[in-house]
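For reference, the structure discussed in these notes is given below.
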Amino acid sequence: MTREHIFAHWLIQKIHGARLVPTATIDADVEPVRISRVIATVCATCNAGWMSGLEVSFRRLVFARPRTGPIAAVDRTALSRWFAKTAALLATAHGARFIDAPGRAALQTAMPPGIEVTVARRRRPPQRLDYALELDADGDVPVARRVSILVDDLVANVAPKGTLTGRHGTQLWPLRTHVLRWETLPVPSSRVGAAPKGLSVRRP
């Protein structure tokens, strides 16, 4: 097991995010930790194997230009897996439960059952990398009810199936038969999953 940065060095460099902090913590009673320094414990074999391959796919999909045309089912799956993997690691880094052990194991090759992902675009985000967790108390260990992740101009929400609505974006996972195109991703008038100063966070 190794301690690894959740957001890869290539991504931090790409969006010039070395000094960014989660906007939801700016006015909170916690000391902000730079996004580039958020770490979690991961299996070294997984980190160098399927996770590395997933990073390559995500980089190609999100930062290829122009980002136009239909998003193929295989690409929707890759995007969903990256967001779900990142959401699970963010929850762990903040001491919360999110995707169970069998679900995390399933992420090596597919999406875990019982998880849904929505995606939308955000016009002129104040920063190009951000995240937030919506947490509820459950005994001594909080449970992440929703994890929001912003990369470039894409906002993804990852949550248990049946809890996300249209205001969170369009459904990326589970796969649907409708054609999903990059240029027609929704751009809601309100910030997707966002509070006035950033992505929303709720604690009990």
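Residue names in the structure tokens use chain letters A, B, ... in the order shown, residue numbers from 1 in each chain, and ligand numbers from 1 in the order shown.
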Residue neighbourhood Arg81 of chain A, 10 Å, only C-alpha atoms, exclusion window fewer than 5 positions, as a compact mmCIF listing (two decimals) with N, CA and C atoms, in the first residue's frame:
# COMPACT_ATOMS: atom_id res chain seq x y z
N MET A 51 -5.31 1.97 -12.63
CA MET A 51 -5.51 3.40 -12.36
C MET A 51 -4.70 4.26 -13.32
N LEU A 54 -6.42 4.30 -16.60
CA LEU A 54 -7.61 5.13 -16.54
C LEU A 54 -7.25 6.61 -16.64
N PHE A 58 -8.69 9.25 -19.37
CA PHE A 58 -9.35 10.47 -18.93
C PHE A 58 -8.68 11.70 -19.55
N ASP A 75 -16.33 5.47 -23.94
CA ASP A 75 -15.78 6.69 -23.35
C ASP A 75 -16.61 7.14 -22.15
N ARG A 76 -17.91 6.97 -22.22
CA ARG A 76 -18.76 7.29 -21.07
C ARG A 76 -18.38 6.42 -19.87
N THR A 86 -12.16 8.60 -8.31
CA THR A 86 -11.71 9.81 -7.64
C THR A 86 -12.62 10.16 -6.47
N ALA A 87 -13.93 9.98 -6.66
CA ALA A 87 -14.88 10.24 -5.59
C ALA A 87 -14.64 9.32 -4.40
N ALA A 106 -14.72 -3.73 -8.21
CA ALA A 106 -15.33 -3.73 -9.54
C ALA A 106 -14.79 -2.63 -10.41
N LEU A 107 -14.35 -1.51 -9.80
CA LEU A 107 -13.84 -0.37 -10.56
C LEU A 107 -12.61 -0.71 -11.41
N GLN A 108 -11.94 -1.80 -11.09
CA GLN A 108 -10.77 -2.17 -11.86
C GLN A 108 -11.11 -2.41 -13.33
N THR A 109 -12.31 -2.89 -13.59
CA THR A 109 -12.69 -3.21 -14.96
C THR A 109 -14.02 -2.62 -15.39
N ALA A 110 -14.84 -2.16 -14.44
CA ALA A 110 -16.19 -1.70 -14.79
C ALA A 110 -16.68 -0.75 -13.71
N MET A 111 -17.90 -0.24 -13.90
CA MET A 111 -18.52 0.59 -12.88
C MET A 111 -19.17 -0.29 -11.81
N PRO A 112 -19.06 0.12 -10.56
CA PRO A 112 -19.71 -0.65 -9.50
C PRO A 112 -21.22 -0.51 -9.57
N VAL A 117 -23.66 8.57 -12.14
CA VAL A 117 -22.81 9.73 -12.40
C VAL A 117 -23.54 10.65 -13.37
N TRP A 173 -23.75 7.84 -16.33
CA TRP A 173 -23.84 6.43 -15.95
C TRP A 173 -25.00 6.25 -14.99
Taking the chain letters and numbering used in this document, name the residues of segment 6-199 of chain A that DSSP puts in helix (DSSP H, G or I), as a PyMOL selection string. chain A and resi 9-14+23-25+35-37+44-48+50-63+73-93+101-106+166-168+182-184
DSSP on the backbone, strand (DSSP E) only: what residues of segment 22-193 of chain A does that give? Format it as a VMD selection string. chain A and resid 39 to 42 115 to 121 129 to 136 143 to 151 154 to 160 170 to 173
Now that the selection is made, can you save its residues with N, CA and C atoms as a short mmCIF file (atom, residue, chain, number, x, y, z; two decimals), in the first residue's frame?
data_model
loop_
_atom_site.label_atom_id
_atom_site.label_comp_id
_atom_site.auth_asym_id
_atom_site.auth_seq_id
_atom_site.Cartn_x
_atom_site.Cartn_y
_atom_site.Cartn_z
N ILE A 39 -4.27 13.36 -0.30
CA ILE A 39 -3.73 12.03 -0.56
C ILE A 39 -4.62 10.94 0.03
N ALA A 40 -4.44 9.72 -0.47
CA ALA A 40 -5.17 8.56 0.03
C ALA A 40 -4.26 7.35 -0.10
N THR A 41 -4.58 6.31 0.64
CA THR A 41 -3.81 5.07 0.57
C THR A 41 -4.39 4.19 -0.54
N VAL A 42 -3.53 3.79 -1.46
CA VAL A 42 -3.97 2.94 -2.58
C VAL A 42 -2.98 1.78 -2.74
N ILE A 115 -24.23 2.81 -8.34
CA ILE A 115 -23.65 4.15 -8.41
C ILE A 115 -24.10 4.82 -9.70
N GLU A 116 -24.42 6.11 -9.62
CA GLU A 116 -24.74 6.87 -10.83
C GLU A 116 -23.85 8.10 -10.91
N VAL A 117 -23.66 8.57 -12.14
CA VAL A 117 -22.81 9.73 -12.40
C VAL A 117 -23.54 10.65 -13.37
N THR A 118 -23.58 11.94 -13.05
CA THR A 118 -24.10 12.93 -13.99
C THR A 118 -22.97 13.88 -14.36
N VAL A 119 -23.14 14.55 -15.49
CA VAL A 119 -22.10 15.47 -15.95
C VAL A 119 -22.77 16.69 -16.58
N ALA A 120 -22.13 17.82 -16.43
CA ALA A 120 -22.60 19.07 -17.03
C ALA A 120 -21.37 19.94 -17.27
N ARG A 121 -21.60 21.06 -17.93
CA ARG A 121 -20.51 22.02 -18.14
C ARG A 121 -20.75 23.25 -17.28
N LEU A 129 -10.15 23.27 -11.14
CA LEU A 129 -10.14 22.00 -10.42
C LEU A 129 -10.72 22.26 -9.04
N ASP A 130 -11.74 21.48 -8.68
CA ASP A 130 -12.42 21.71 -7.41
C ASP A 130 -13.16 20.42 -7.05
N TYR A 131 -13.52 20.31 -5.79
CA TYR A 131 -14.33 19.16 -5.37
C TYR A 131 -15.04 19.49 -4.07
N ALA A 132 -16.08 18.72 -3.77
CA ALA A 132 -16.78 18.85 -2.49
C ALA A 132 -17.50 17.55 -2.19
N LEU A 133 -17.69 17.30 -0.91
CA LEU A 133 -18.41 16.13 -0.45
C LEU A 133 -19.63 16.57 0.35
N GLU A 134 -20.74 15.94 0.09
CA GLU A 134 -21.94 16.15 0.91
C GLU A 134 -21.98 15.01 1.91
N LEU A 135 -21.77 15.32 3.17
CA LEU A 135 -21.60 14.30 4.19
C LEU A 135 -22.77 14.26 5.17
N ASP A 136 -23.16 13.04 5.53
CA ASP A 136 -24.15 12.82 6.58
C ASP A 136 -23.51 11.96 7.67
N VAL A 143 -20.89 9.42 6.14
CA VAL A 143 -21.16 8.79 4.84
C VAL A 143 -21.24 9.89 3.79
N ALA A 144 -20.55 9.70 2.69
CA ALA A 144 -20.62 10.65 1.58
C ALA A 144 -21.87 10.34 0.78
N ARG A 145 -22.81 11.27 0.76
CA ARG A 145 -24.04 11.10 0.00
C ARG A 145 -23.87 11.51 -1.45
N ARG A 146 -22.95 12.44 -1.68
CA ARG A 146 -22.67 12.89 -3.04
C ARG A 146 -21.28 13.50 -3.07
N VAL A 147 -20.55 13.22 -4.14
CA VAL A 147 -19.24 13.83 -4.34
C VAL A 147 -19.29 14.58 -5.67
N SER A 148 -18.94 15.87 -5.62
CA SER A 148 -18.92 16.71 -6.81
C SER A 148 -17.48 16.99 -7.18
N ILE A 149 -17.17 16.85 -8.46
CA ILE A 149 -15.80 17.04 -8.93
C ILE A 149 -15.84 17.93 -10.17
N LEU A 150 -15.06 18.99 -10.14
CA LEU A 150 -14.92 19.90 -11.27
C LEU A 150 -13.54 19.75 -11.88
N VAL A 151 -13.48 19.44 -13.18
CA VAL A 151 -12.22 19.38 -13.92
C VAL A 151 -12.38 20.17 -15.19
N LEU A 154 -15.91 20.77 -16.76
CA LEU A 154 -16.84 19.67 -16.55
C LEU A 154 -17.10 19.48 -15.06
N VAL A 155 -18.38 19.38 -14.70
CA VAL A 155 -18.77 19.09 -13.33
C VAL A 155 -19.45 17.73 -13.33
N ALA A 156 -18.90 16.81 -12.54
CA ALA A 156 -19.51 15.49 -12.38
C ALA A 156 -20.00 15.33 -10.96
N ASN A 157 -21.13 14.68 -10.80
CA ASN A 157 -21.65 14.32 -9.50
C ASN A 157 -21.76 12.81 -9.43
N VAL A 158 -21.22 12.23 -8.36
CA VAL A 158 -21.23 10.79 -8.16
C VAL A 158 -22.01 10.51 -6.88
N ALA A 159 -22.97 9.59 -6.96
CA ALA A 159 -23.83 9.35 -5.81
C ALA A 159 -24.49 7.98 -5.95
N PRO A 160 -25.09 7.47 -4.85
CA PRO A 160 -25.86 6.24 -4.96
C PRO A 160 -26.99 6.41 -5.98
N THR A 170 -26.67 15.85 -16.93
CA THR A 170 -27.23 14.75 -17.70
C THR A 170 -26.58 13.45 -17.27
N GLN A 171 -27.31 12.38 -17.38
CA GLN A 171 -26.83 11.08 -16.90
C GLN A 171 -25.69 10.56 -17.75
N LEU A 172 -24.56 10.34 -17.11
CA LEU A 172 -23.40 9.73 -17.78
C LEU A 172 -23.38 8.24 -17.53
N TRP A 173 -23.75 7.84 -16.33
CA TRP A 173 -23.84 6.43 -15.95
C TRP A 173 -25.00 6.25 -14.99
#
So, with only C-alpha atoms as the atoms that count, which of A:Ile15, A:Thr77, A:Glu4, A:Pro174 lies closest to Ala93 of chain A? A:Glu4
Please determine, counting only C-alpha atoms, which residue among A:Ala73, A:Pro66, A:Pro142, A:Arg128 has the shortest atom-to-atom distance to Arg19 of chain A. A:Arg128
Looking at only C-alpha atoms, which of A:Trp182, A:Arg176, A:Ala8, A:Ala88 is the one that sits closest to Asn47 of chain A? A:Ala8
